Amino acid sequence: MTERGPSTTRAHGPEPELPDPRVPDAPHGTLGVAGGTALYIAAVLGTGILVLPALAAAAAGPGAILAVGALALISVPLAATFAALARRHPDAGGVATFARRAFGPDAARIIGYWFYFGTPIGAPIAALMTARYVVAVIGGDALATTLIAVGLMVIPVAVTAFGVRFAASVQLVLSGALVAVLVFVLAAAAPHGQAAHLQPLLPHGWAGVGLAMSLYIWAFAGWEAVAGIGGEFRNPRRDIPRATALALIIVSVAYLAIQTVTVTVLGSQAATSAVPLLDLVQVSTGSGGAIVVAVIAAIVVTGVFNAYLAAFSKLGAAMGRDGDLPAWFGRGAENGAVARRGLLLSAVVMAVYSVVVLSSGDLQPFILVHTSIAAAVYGLGVASALRLLPARSLGWWMALLSCVLAAGLLILAGWHLVFPAGVAVVALVVGLVARRTRRGRSASGDAGAPEPLPRADRA
């Protein structure tokens, strides 16, 4: 009997051929457009709304609005490219599956390690951002902030343990509440804006806009994350593009509105604000509206973790299935299954990063590390699309444009690319050791027969 999910492994080289569209899709999950849109919104419209408007204003002044607008435009081809890939190759491996089909197992391992072991550094950053907001509302010291941050990471792990479908149902409610509360806050604060706060537009020049864009990559990263749950959609070919388009519109409008209102209402104070949304609420409704900010913060961080932990757990299972992690982690890679072992490893990785980030407390360096890894994932992911998507199709042209844009993001990342480079070296060493181990077993007679294909390829 054939296991669920498309083939993700090829013995020799890349696999550029697409599945025949006339062949019925393999069995998939139960996720619909609404749930998928909610998870996309959670993955992209994340904790960036809590701190980034102030960090971007400090870097570029009013020019931060231009940075957000530019990244919103950049997100169109990036989101379209990953949607085109996910609808054609809906598999738990996500970006690793795309790289495996396009460039082979080494590329798959590199991008899988980037995403699985690199991007979780964002978890304690997100939790700490949220904890600072909560403490600003209810009061507390540094210890309280740390304890709240830890608690915010633990609860979504428990939610994800029930599976992607349950997490999506929870997220549908959370995303709806988040959008509603944001609309209320921005509508109340916008009348207090002043056009004079837009001058000078570029106090730190275009270099400041570039730095603001580097910071905001944190906010617009996430399109690649949900690719790993493509197989959980009922109808990936139809529903993934729809969910992506809806989420792209909502997220772009939201970030542009938040940055614009922050700059026009707070003026120069936006650059020094530790909790810009709280300041906006106090300007428009007084101190009594602070509870609204606490609600926003709680909704945001829960939603982000719901989306990313679902992707992490499935990718961990896929890497176990494909030999990039110990086979023990491979359970749950099938569409519709719950990848609890992959989730467990994700929780351990998050815990390690949490010790480092929470002990430091300075978020900007870690944000730039995270965004450099995200830029690397995007770069290899969209390069895979050029090999996998039909030449000169709309998706292929989006991928070509995305390659140019991804190159720009890599340039903006600068020396921070040393971190994804280090992870890539580790991935290559792991692959080399694994191949030598297999050859040694074959030579000693322990593995006279060829290795079995990953579960997705067995018939």
# chains A, B, ... in the order shown; residues from 1 in each chain; ligands from 1
$ closest_atom_pairs --of "region 300-388 of chain A" --to "region 403-419 of chain A" --cutoff "8 Å" --atoms "only C-alpha atoms" --output "CSV"
residue,atom,partner,partner_atom,distance
A:Leu368,CA,A:His416,CA,7.0
A:Val369,CA,A:His416,CA,6.0
A:Thr371,CA,A:Ala413,CA,7.3
A:Ser372,CA,A:Ala413,CA,5.2
A:Ile373,CA,A:Leu417,CA,7.1
A:Ala375,CA,A:Leu410,CA,5.7
A:Ala376,CA,A:Leu410,CA,6.8
A:Tyr378,CA,A:Ala406,CA,6.3
A:Gly379,CA,A:Ala406,CA,5.2
A:Val382,CA,A:Cys403,CA,5.9
A:Ala383,CA,A:Cys403,CA,6.4
$ residues_around --residues "Val33 (chain A)" --least-positions-apart "3" --cutoff "10 Å" --atoms "only C-alpha atoms" --output "count of residues only"
16
$ atom_distance --atom1 "CA of Ala227 (chain A)" --atom2 "CA of Ala43 (chain A)"
11.0 Å
$ residues_around --residues "Met213 (chain A)" --least-positions-apart "2" --cutoff "10 Å" --atoms "only C-alpha atoms" --output "number ranges by chain"
A: 56, 59-60, 64-71, 207-211, 215-220, 409, 412-413
$ write_last_selection --atoms "C-alpha atoms" --output "short mmCIF file (atom, residue, chain, number, x, y, z; two decimals), in the first residue's frame"
data_model
loop_
_atom_site.label_atom_id
_atom_site.label_comp_id
_atom_site.auth_asym_id
_atom_site.auth_seq_id
_atom_site.Cartn_x
_atom_site.Cartn_y
_atom_site.Cartn_z
CA ALA A 56 12.22 50.60 12.25
CA ALA A 59 16.58 53.09 12.03
CA ALA A 60 14.86 55.15 9.31
CA ALA A 64 10.35 53.18 7.80
CA ILE A 65 7.00 53.50 6.03
CA LEU A 66 8.82 53.19 2.70
CA ALA A 67 10.66 50.13 4.03
CA VAL A 68 7.39 48.43 4.93
CA GLY A 69 5.84 49.28 1.57
CA ALA A 70 8.87 47.90 -0.27
CA LEU A 71 8.78 44.64 1.66
CA ALA A 207 20.92 53.37 4.47
CA GLY A 208 18.44 53.77 7.29
CA VAL A 209 15.66 52.47 5.04
CA GLY A 210 17.83 49.47 4.20
CA LEU A 211 18.39 48.73 7.89
CA LEU A 215 14.62 44.36 10.55
CA TYR A 216 11.24 43.98 8.86
CA ILE A 217 12.28 40.79 7.09
CA TRP A 218 11.45 39.34 10.51
CA ALA A 219 7.89 40.54 10.01
CA PHE A 220 7.39 39.37 6.43
CA LEU A 409 17.73 40.37 0.99
CA LEU A 412 21.06 43.35 3.24
CA ALA A 413 21.84 40.51 5.64
#
$ atom_distance --atom1 "CA of Ser442 (chain A)" --atom2 "CA of Ala427 (chain A)"
22.8 Å
$ closest_residue --among "A:Gly320, A:Gly222, A:Gly93, A:Gly231" --to "Leu78 (chain A)" --atoms "only C-alpha atoms"
A:Gly222
$ residues_around --residues "Val173 (chain A)" --least-positions-apart "3" --cutoff "10 Å" --atoms "only C-alpha atoms" --output "list in words"
Gly35, Ala38, Ala168, Ser169, Val170, Gly176, Ala177, Leu178, Ile299 and Gly303 of chain A
$ residues_around --residues "Ala42 (chain A)" --least-positions-apart "6" --cutoff "10 Å" --atoms "only C-alpha atoms" --output "PDB file with all heavy atoms, in the first residue's frame"
ATOM      1  N   GLY A  36      -6.365  27.671   6.767  1.00  0.00           N
ATOM      2  CA  GLY A  36      -5.067  27.931   6.166  1.00  0.00           C
ATOM      3  C   GLY A  36      -4.712  29.407   6.186  1.00  0.00           C
ATOM      4  O   GLY A  36      -3.574  29.784   6.475  1.00  0.00           O
ATOM      5  N   ALA A 168      -5.122  24.811  13.794  1.00  0.00           N
ATOM      6  CA  ALA A 168      -5.746  25.714  12.821  1.00  0.00           C
ATOM      7  C   ALA A 168      -7.099  26.218  13.325  1.00  0.00           C
ATOM      8  O   ALA A 168      -7.458  27.379  13.111  1.00  0.00           O
ATOM      9  CB  ALA A 168      -5.913  25.014  11.481  1.00  0.00           C
ATOM     10  N   GLN A 171      -6.381  28.772  15.799  1.00  0.00           N
ATOM     11  CA  GLN A 171      -5.825  29.955  15.166  1.00  0.00           C
ATOM     12  C   GLN A 171      -6.860  30.763  14.403  1.00  0.00           C
ATOM     13  O   GLN A 171      -6.740  31.979  14.284  1.00  0.00           O
ATOM     14  CB  GLN A 171      -4.683  29.552  14.220  1.00  0.00           C
ATOM     15  CG  GLN A 171      -3.861  30.728  13.743  1.00  0.00           C
ATOM     16  CD  GLN A 171      -3.385  31.564  14.909  1.00  0.00           C
ATOM     17  OE1 GLN A 171      -2.871  31.033  15.882  1.00  0.00           O
ATOM     18  NE2 GLN A 171      -3.573  32.868  14.824  1.00  0.00           N
ATOM     19  N   LEU A 172      -7.870  30.116  13.876  1.00  0.00           N
ATOM     20  CA  LEU A 172      -8.921  30.849  13.174  1.00  0.00           C
ATOM     21  C   LEU A 172      -9.592  31.850  14.107  1.00  0.00           C
ATOM     22  O   LEU A 172      -9.844  33.001  13.738  1.00  0.00           O
ATOM     23  CB  LEU A 172      -9.958  29.864  12.620  1.00  0.00           C
ATOM     24  CG  LEU A 172     -11.067  30.456  11.757  1.00  0.00           C
ATOM     25  CD1 LEU A 172     -10.490  31.170  10.544  1.00  0.00           C
ATOM     26  CD2 LEU A 172     -12.040  29.356  11.326  1.00  0.00           C
ATOM     27  N   LEU A 174      -8.181  33.044  16.938  1.00  0.00           N
ATOM     28  CA  LEU A 174      -7.180  34.022  17.376  1.00  0.00           C
ATOM     29  C   LEU A 174      -6.894  35.066  16.300  1.00  0.00           C
ATOM     30  O   LEU A 174      -6.780  36.264  16.597  1.00  0.00           O
ATOM     31  CB  LEU A 174      -5.883  33.295  17.751  1.00  0.00           C
ATOM     32  CG  LEU A 174      -5.946  32.399  18.989  1.00  0.00           C
ATOM     33  CD1 LEU A 174      -4.607  31.693  19.191  1.00  0.00           C
ATOM     34  CD2 LEU A 174      -6.318  33.193  20.227  1.00  0.00           C
ATOM     35  N   SER A 175      -6.772  34.638  15.043  1.00  0.00           N
ATOM     36  CA  SER A 175      -6.476  35.593  13.969  1.00  0.00           C
ATOM     37  C   SER A 175      -7.628  36.566  13.765  1.00  0.00           C
ATOM     38  O   SER A 175      -7.414  37.763  13.531  1.00  0.00           O
ATOM     39  CB  SER A 175      -6.173  34.846  12.660  1.00  0.00           C
ATOM     40  OG  SER A 175      -4.964  34.137  12.750  1.00  0.00           O
ATOM     41  N   LEU A 178      -7.415  39.029  16.553  1.00  0.00           N
ATOM     42  CA  LEU A 178      -6.277  39.931  16.383  1.00  0.00           C
ATOM     43  C   LEU A 178      -6.594  41.034  15.388  1.00  0.00           C
ATOM     44  O   LEU A 178      -6.346  42.227  15.653  1.00  0.00           O
ATOM     45  CB  LEU A 178      -5.062  39.131  15.915  1.00  0.00           C
ATOM     46  CG  LEU A 178      -3.826  39.958  15.524  1.00  0.00           C
ATOM     47  CD1 LEU A 178      -3.320  40.755  16.712  1.00  0.00           C
ATOM     48  CD2 LEU A 178      -2.728  39.044  14.979  1.00  0.00           C
ATOM     49  N   GLY A 222       7.791  34.003   6.760  1.00  0.00           N
ATOM     50  CA  GLY A 222       6.714  33.110   7.180  1.00  0.00           C
ATOM     51  C   GLY A 222       6.028  32.406   6.033  1.00  0.00           C
ATOM     52  O   GLY A 222       5.361  31.391   6.238  1.00  0.00           O
ATOM     53  N   VAL A 226       4.628  27.812   6.264  1.00  0.00           N
ATOM     54  CA  VAL A 226       3.391  27.046   6.146  1.00  0.00           C
ATOM     55  C   VAL A 226       3.457  26.059   4.983  1.00  0.00           C
ATOM     56  O   VAL A 226       2.594  25.198   4.844  1.00  0.00           O
ATOM     57  CB  VAL A 226       2.189  27.999   6.000  1.00  0.00           C
ATOM     58  CG1 VAL A 226       0.873  27.267   6.241  1.00  0.00           C
ATOM     59  CG2 VAL A 226       2.298  29.147   7.007  1.00  0.00           C
ATOM     60  N   ALA A 247      -4.154  36.065   2.932  1.00  0.00           N
ATOM     61  CA  ALA A 247      -3.234  36.422   4.010  1.00  0.00           C
ATOM     62  C   ALA A 247      -2.292  37.541   3.587  1.00  0.00           C
ATOM     63  O   ALA A 247      -1.993  38.444   4.377  1.00  0.00           O
ATOM     64  CB  ALA A 247      -2.431  35.192   4.430  1.00  0.00           C
ATOM     65  N   VAL A 251      -2.056  40.949   5.731  1.00  0.00           N
ATOM     66  CA  VAL A 251      -0.789  41.236   6.411  1.00  0.00           C
ATOM     67  C   VAL A 251      -0.161  42.529   5.902  1.00  0.00           C
ATOM     68  O   VAL A 251       0.309  43.363   6.691  1.00  0.00           O
ATOM     69  CB  VAL A 251       0.179  40.051   6.224  1.00  0.00           C
ATOM     70  CG1 VAL A 251       1.590  40.432   6.648  1.00  0.00           C
ATOM     71  CG2 VAL A 251      -0.305  38.856   7.026  1.00  0.00           C
ATOM     72  N   ILE A 299      -2.630  37.182  21.976  1.00  0.00           N
ATOM     73  CA  ILE A 299      -3.141  36.577  20.749  1.00  0.00           C
ATOM     74  C   ILE A 299      -2.017  36.384  19.744  1.00  0.00           C
ATOM     75  O   ILE A 299      -1.882  35.324  19.115  1.00  0.00           O
ATOM     76  CB  ILE A 299      -4.242  37.460  20.134  1.00  0.00           C
ATOM     77  CG1 ILE A 299      -5.485  37.453  21.021  1.00  0.00           C
ATOM     78  CG2 ILE A 299      -4.611  36.966  18.735  1.00  0.00           C
ATOM     79  CD1 ILE A 299      -6.562  38.415  20.559  1.00  0.00           C
ATOM     80  N   VAL A 300      -1.168  37.406  19.612  1.00  0.00           N
ATOM     81  CA  VAL A 300      -0.107  37.368  18.617  1.00  0.00           C
ATOM     82  C   VAL A 300       0.862  36.221  18.869  1.00  0.00           C
ATOM     83  O   VAL A 300       1.148  35.410  17.983  1.00  0.00           O
ATOM     84  CB  VAL A 300       0.646  38.711  18.583  1.00  0.00           C
ATOM     85  CG1 VAL A 300       1.986  38.559  17.882  1.00  0.00           C
ATOM     86  CG2 VAL A 300      -0.178  39.760  17.876  1.00  0.00           C
ATOM     87  N   VAL A 301       1.390  36.150  20.069  1.00  0.00           N
ATOM     88  CA  VAL A 301       2.425  35.149  20.312  1.00  0.00           C
ATOM     89  C   VAL A 301       1.855  33.735  20.254  1.00  0.00           C
ATOM     90  O   VAL A 301       2.513  32.810  19.757  1.00  0.00           O
ATOM     91  CB  VAL A 301       3.131  35.405  21.663  1.00  0.00           C
ATOM     92  CG1 VAL A 301       2.269  34.978  22.843  1.00  0.00           C
ATOM     93  CG2 VAL A 301       4.482  34.699  21.700  1.00  0.00           C
ATOM     94  N   THR A 302       0.625  33.545  20.723  1.00  0.00           N
ATOM     95  CA  THR A 302       0.014  32.220  20.627  1.00  0.00           C
ATOM     96  C   THR A 302      -0.157  31.809  19.175  1.00  0.00           C
ATOM     97  O   THR A 302       0.114  30.663  18.791  1.00  0.00           O
ATOM     98  CB  THR A 302      -1.345  32.196  21.342  1.00  0.00           C
ATOM     99  OG1 THR A 302      -1.168  32.604  22.703  1.00  0.00           O
ATOM    100  CG2 THR A 302      -1.952  30.812  21.312  1.00  0.00           C
ATOM    101  N   GLY A 303      -0.585  32.764  18.351  1.00  0.00           N
ATOM    102  CA  GLY A 303      -0.779  32.465  16.936  1.00  0.00           C
ATOM    103  C   GLY A 303       0.509  32.148  16.217  1.00  0.00           C
ATOM    104  O   GLY A 303       0.578  31.210  15.405  1.00  0.00           O
ATOM    105  N   VAL A 304       1.553  32.909  16.503  1.00  0.00           N
ATOM    106  CA  VAL A 304       2.846  32.661  15.862  1.00  0.00           C
ATOM    107  C   VAL A 304       3.345  31.260  16.183  1.00  0.00           C
ATOM    108  O   VAL A 304       3.769  30.506  15.305  1.00  0.00           O
ATOM    109  CB  VAL A 304       3.880  33.713  16.316  1.00  0.00           C
ATOM    110  CG1 VAL A 304       5.281  33.303  15.875  1.00  0.00           C
ATOM    111  CG2 VAL A 304       3.532  35.070  15.740  1.00  0.00           C
ATOM    112  N   PHE A 305       3.291  30.905  17.452  1.00  0.00           N
ATOM    113  CA  PHE A 305       3.781  29.584  17.838  1.00  0.00           C
ATOM    114  C   PHE A 305       2.908  28.474  17.266  1.00  0.00           C
ATOM    115  O   PHE A 305       3.412  27.399  16.915  1.00  0.00           O
ATOM    116  CB  PHE A 305       3.867  29.474  19.353  1.00  0.00           C
ATOM    117  CG  PHE A 305       4.999  30.267  19.954  1.00  0.00           C
ATOM    118  CD1 PHE A 305       4.848  30.937  21.154  1.00  0.00           C
ATOM    119  CD2 PHE A 305       6.216  30.349  19.309  1.00  0.00           C
ATOM    120  CE1 PHE A 305       5.885  31.664  21.700  1.00  0.00           C
ATOM    121  CE2 PHE A 305       7.270  31.073  19.845  1.00  0.00           C
ATOM    122  CZ  PHE A 305       7.105  31.741  21.048  1.00  0.00           C
ATOM    123  N   ASN A 306       1.603  28.687  17.189  1.00  0.00           N
ATOM    124  CA  ASN A 306       0.735  27.686  16.583  1.00  0.00           C
ATOM    125  C   ASN A 306       1.179  27.375  15.161  1.00  0.00           C
ATOM    126  O   ASN A 306       1.270  26.212  14.748  1.00  0.00           O
ATOM    127  CB  ASN A 306      -0.719  28.172  16.561  1.00  0.00           C
ATOM    128  CG  ASN A 306      -1.430  27.921  17.868  1.00  0.00           C
ATOM    129  OD1 ASN A 306      -0.974  27.159  18.704  1.00  0.00           O
ATOM    130  ND2 ASN A 306      -2.561  28.575  18.057  1.00  0.00           N
ATOM    131  N   ALA A 307       1.429  28.428  14.384  1.00  0.00           N
ATOM    132  CA  ALA A 307       1.792  28.246  12.982  1.00  0.00           C
ATOM    133  C   ALA A 307       3.171  27.617  12.826  1.00  0.00           C
ATOM    134  O   ALA A 307       3.358  26.648  12.076  1.00  0.00           O
ATOM    135  CB  ALA A 307       1.742  29.587  12.254  1.00  0.00           C
ATOM    136  N   TYR A 308       4.153  28.165  13.542  1.00  0.00           N
ATOM    137  CA  TYR A 308       5.518  27.682  13.360  1.00  0.00           C
ATOM    138  C   TYR A 308       5.738  26.304  13.966  1.00  0.00           C
ATOM    139  O   TYR A 308       6.460  25.479  13.400  1.00  0.00           O
ATOM    140  CB  TYR A 308       6.514  28.689  13.944  1.00  0.00           C
ATOM    141  CG  TYR A 308       6.945  29.718  12.937  1.00  0.00           C
ATOM    142  CD1 TYR A 308       6.231  30.892  12.760  1.00  0.00           C
ATOM    143  CD2 TYR A 308       8.066  29.506  12.146  1.00  0.00           C
ATOM    144  CE1 TYR A 308       6.618  31.839  11.827  1.00  0.00           C
ATOM    145  CE2 TYR A 308       8.472  30.444  11.211  1.00  0.00           C
ATOM    146  CZ  TYR A 308       7.742  31.610  11.058  1.00  0.00           C
ATOM    147  OH  TYR A 308       8.123  32.531  10.126  1.00  0.00           O
TER     148      TYR A 308
END
$ closest_atom_pairs --of "region 244-265 of chain A" --to "region 187-195 of chain A" --cutoff "10 Å" --atoms "only C-alpha atoms" --output "tab-separated table"
residue	atom	partner	partner_atom	distance
A:Ala257	CA	A:Ala190	CA	9.2
A:Ile258	CA	A:Ala190	CA	9.6
A:Thr260	CA	A:Ala190	CA	8.9
A:Val261	CA	A:Ala190	CA	5.7
A:Thr262	CA	A:Gly193	CA	8.4
A:Val263	CA	A:Gly193	CA	8.0
A:Thr264	CA	A:Gly193	CA	4.5
A:Val265	CA	A:Gly193	CA	4.0
$ atom_distance --atom1 "CA of Ala102 (chain A)" --atom2 "CA of Arg321 (chain A)"
18.4 Å
$ select_by_dssp --residues "region 94-166 of chain A" --states "alpha helix (DSSP H)" --output "number ranges by chain"
A: 95-103, 105-113, 122-138, 142-160, 164-166
$ closest_residue --among "A:Val51, A:Ala391, A:Ala86, A:Ala72" --to "Ala254 (chain A)" --atoms "only C-alpha atoms"
A:Ala72
$ closest_residue --among "A:Leu325, A:Ala126, A:Leu55, A:Val95" --to "Ala83 (chain A)" --atoms "only C-alpha atoms"
A:Val95
$ residues_around --residues "Phe312 (chain A)" --least-positions-apart "4" --cutoff "9 Å" --atoms "only C-alpha atoms" --output "list in words"
Phe115, Tyr116, Pro120, Ala225, Gly228, Ala307, Tyr308, Gly316, Ala317, Gly342, Leu343 and Ser346 of chain A
$ write_last_selection --atoms "all heavy atoms" --output "mmCIF file, in the first residue's frame"
data_model
loop_
_atom_site.group_PDB
_atom_site.id
_atom_site.type_symbol
_atom_site.label_atom_id
_atom_site.label_comp_id
_atom_site.auth_asym_id
_atom_site.auth_seq_id
_atom_site.Cartn_x
_atom_site.Cartn_y
_atom_site.Cartn_z
ATOM 1 N N PHE A 115 15.983 25.892 8.529
ATOM 2 C CA PHE A 115 14.644 26.181 9.026
ATOM 3 C C PHE A 115 14.413 25.555 10.395
ATOM 4 O O PHE A 115 13.900 26.204 11.310
ATOM 5 C CB PHE A 115 13.594 25.674 8.032
ATOM 6 C CG PHE A 115 12.197 26.113 8.362
ATOM 7 C CD1 PHE A 115 11.795 27.420 8.137
ATOM 8 C CD2 PHE A 115 11.282 25.233 8.904
ATOM 9 C CE1 PHE A 115 10.515 27.834 8.454
ATOM 10 C CE2 PHE A 115 10.002 25.630 9.227
ATOM 11 C CZ PHE A 115 9.611 26.939 8.997
ATOM 12 N N TYR A 116 14.824 24.301 10.553
ATOM 13 C CA TYR A 116 14.476 23.563 11.762
ATOM 14 C C TYR A 116 15.350 23.954 12.952
ATOM 15 O O TYR A 116 14.868 24.052 14.082
ATOM 16 C CB TYR A 116 14.600 22.061 11.505
ATOM 17 C CG TYR A 116 13.931 21.208 12.544
ATOM 18 C CD1 TYR A 116 12.546 21.065 12.564
ATOM 19 C CD2 TYR A 116 14.664 20.530 13.502
ATOM 20 C CE1 TYR A 116 11.922 20.279 13.511
ATOM 21 C CE2 TYR A 116 14.056 19.739 14.450
ATOM 22 C CZ TYR A 116 12.681 19.621 14.457
ATOM 23 O OH TYR A 116 12.063 18.852 15.405
ATOM 24 N N PRO A 120 14.134 28.638 14.896
ATOM 25 C CA PRO A 120 13.590 28.642 16.263
ATOM 26 C C PRO A 120 14.224 29.663 17.189
ATOM 27 O O PRO A 120 13.696 29.896 18.281
ATOM 28 C CB PRO A 120 13.879 27.207 16.750
ATOM 29 C CG PRO A 120 13.850 26.380 15.524
ATOM 30 C CD PRO A 120 14.497 27.257 14.479
ATOM 31 N N ALA A 225 7.163 29.014 5.853
ATOM 32 C CA ALA A 225 6.894 28.170 7.022
ATOM 33 C C ALA A 225 5.693 27.259 6.801
ATOM 34 O O ALA A 225 5.726 26.069 7.111
ATOM 35 C CB ALA A 225 6.673 29.042 8.252
ATOM 36 N N GLY A 228 5.245 23.609 4.808
ATOM 37 C CA GLY A 228 5.376 22.290 5.388
ATOM 38 C C GLY A 228 4.057 21.633 5.758
ATOM 39 O O GLY A 228 4.008 20.421 5.991
ATOM 40 N N ALA A 307 1.429 28.428 14.384
ATOM 41 C CA ALA A 307 1.792 28.246 12.982
ATOM 42 C C ALA A 307 3.171 27.617 12.826
ATOM 43 O O ALA A 307 3.358 26.648 12.076
ATOM 44 C CB ALA A 307 1.742 29.587 12.254
ATOM 45 N N TYR A 308 4.153 28.165 13.542
ATOM 46 C CA TYR A 308 5.518 27.682 13.360
ATOM 47 C C TYR A 308 5.738 26.304 13.966
ATOM 48 O O TYR A 308 6.460 25.479 13.400
ATOM 49 C CB TYR A 308 6.514 28.689 13.944
ATOM 50 C CG TYR A 308 6.945 29.718 12.937
ATOM 51 C CD1 TYR A 308 6.231 30.892 12.760
ATOM 52 C CD2 TYR A 308 8.066 29.506 12.146
ATOM 53 C CE1 TYR A 308 6.618 31.839 11.827
ATOM 54 C CE2 TYR A 308 8.472 30.444 11.211
ATOM 55 C CZ TYR A 308 7.742 31.610 11.058
ATOM 56 O OH TYR A 308 8.123 32.531 10.126
ATOM 57 N N GLY A 316 10.382 18.196 11.124
ATOM 58 C CA GLY A 316 11.210 17.270 11.885
ATOM 59 C C GLY A 316 10.893 15.831 11.539
ATOM 60 O O GLY A 316 11.792 14.990 11.373
ATOM 61 N N ALA A 317 9.590 15.528 11.414
ATOM 62 C CA ALA A 317 9.187 14.169 11.029
ATOM 63 C C ALA A 317 9.659 13.841 9.617
ATOM 64 O O ALA A 317 10.117 12.722 9.338
ATOM 65 C CB ALA A 317 7.672 14.033 11.137
ATOM 66 N N GLY A 342 8.723 15.061 16.265
ATOM 67 C CA GLY A 342 9.317 16.263 15.688
ATOM 68 C C GLY A 342 9.040 17.482 16.546
ATOM 69 O O GLY A 342 9.891 18.368 16.697
ATOM 70 N N LEU A 343 7.849 17.536 17.145
ATOM 71 C CA LEU A 343 7.494 18.636 18.041
ATOM 72 C C LEU A 343 8.368 18.623 19.286
ATOM 73 O O LEU A 343 8.807 19.679 19.766
ATOM 74 C CB LEU A 343 6.019 18.529 18.428
ATOM 75 C CG LEU A 343 5.503 19.546 19.443
ATOM 76 C CD1 LEU A 343 5.586 20.963 18.880
ATOM 77 C CD2 LEU A 343 4.056 19.224 19.840
ATOM 78 N N SER A 346 11.688 20.062 18.466
ATOM 79 C CA SER A 346 11.542 21.504 18.292
ATOM 80 C C SER A 346 11.519 22.217 19.643
ATOM 81 O O SER A 346 12.121 23.281 19.812
ATOM 82 C CB SER A 346 10.245 21.816 17.531
ATOM 83 O OG SER A 346 10.277 21.317 16.225
#
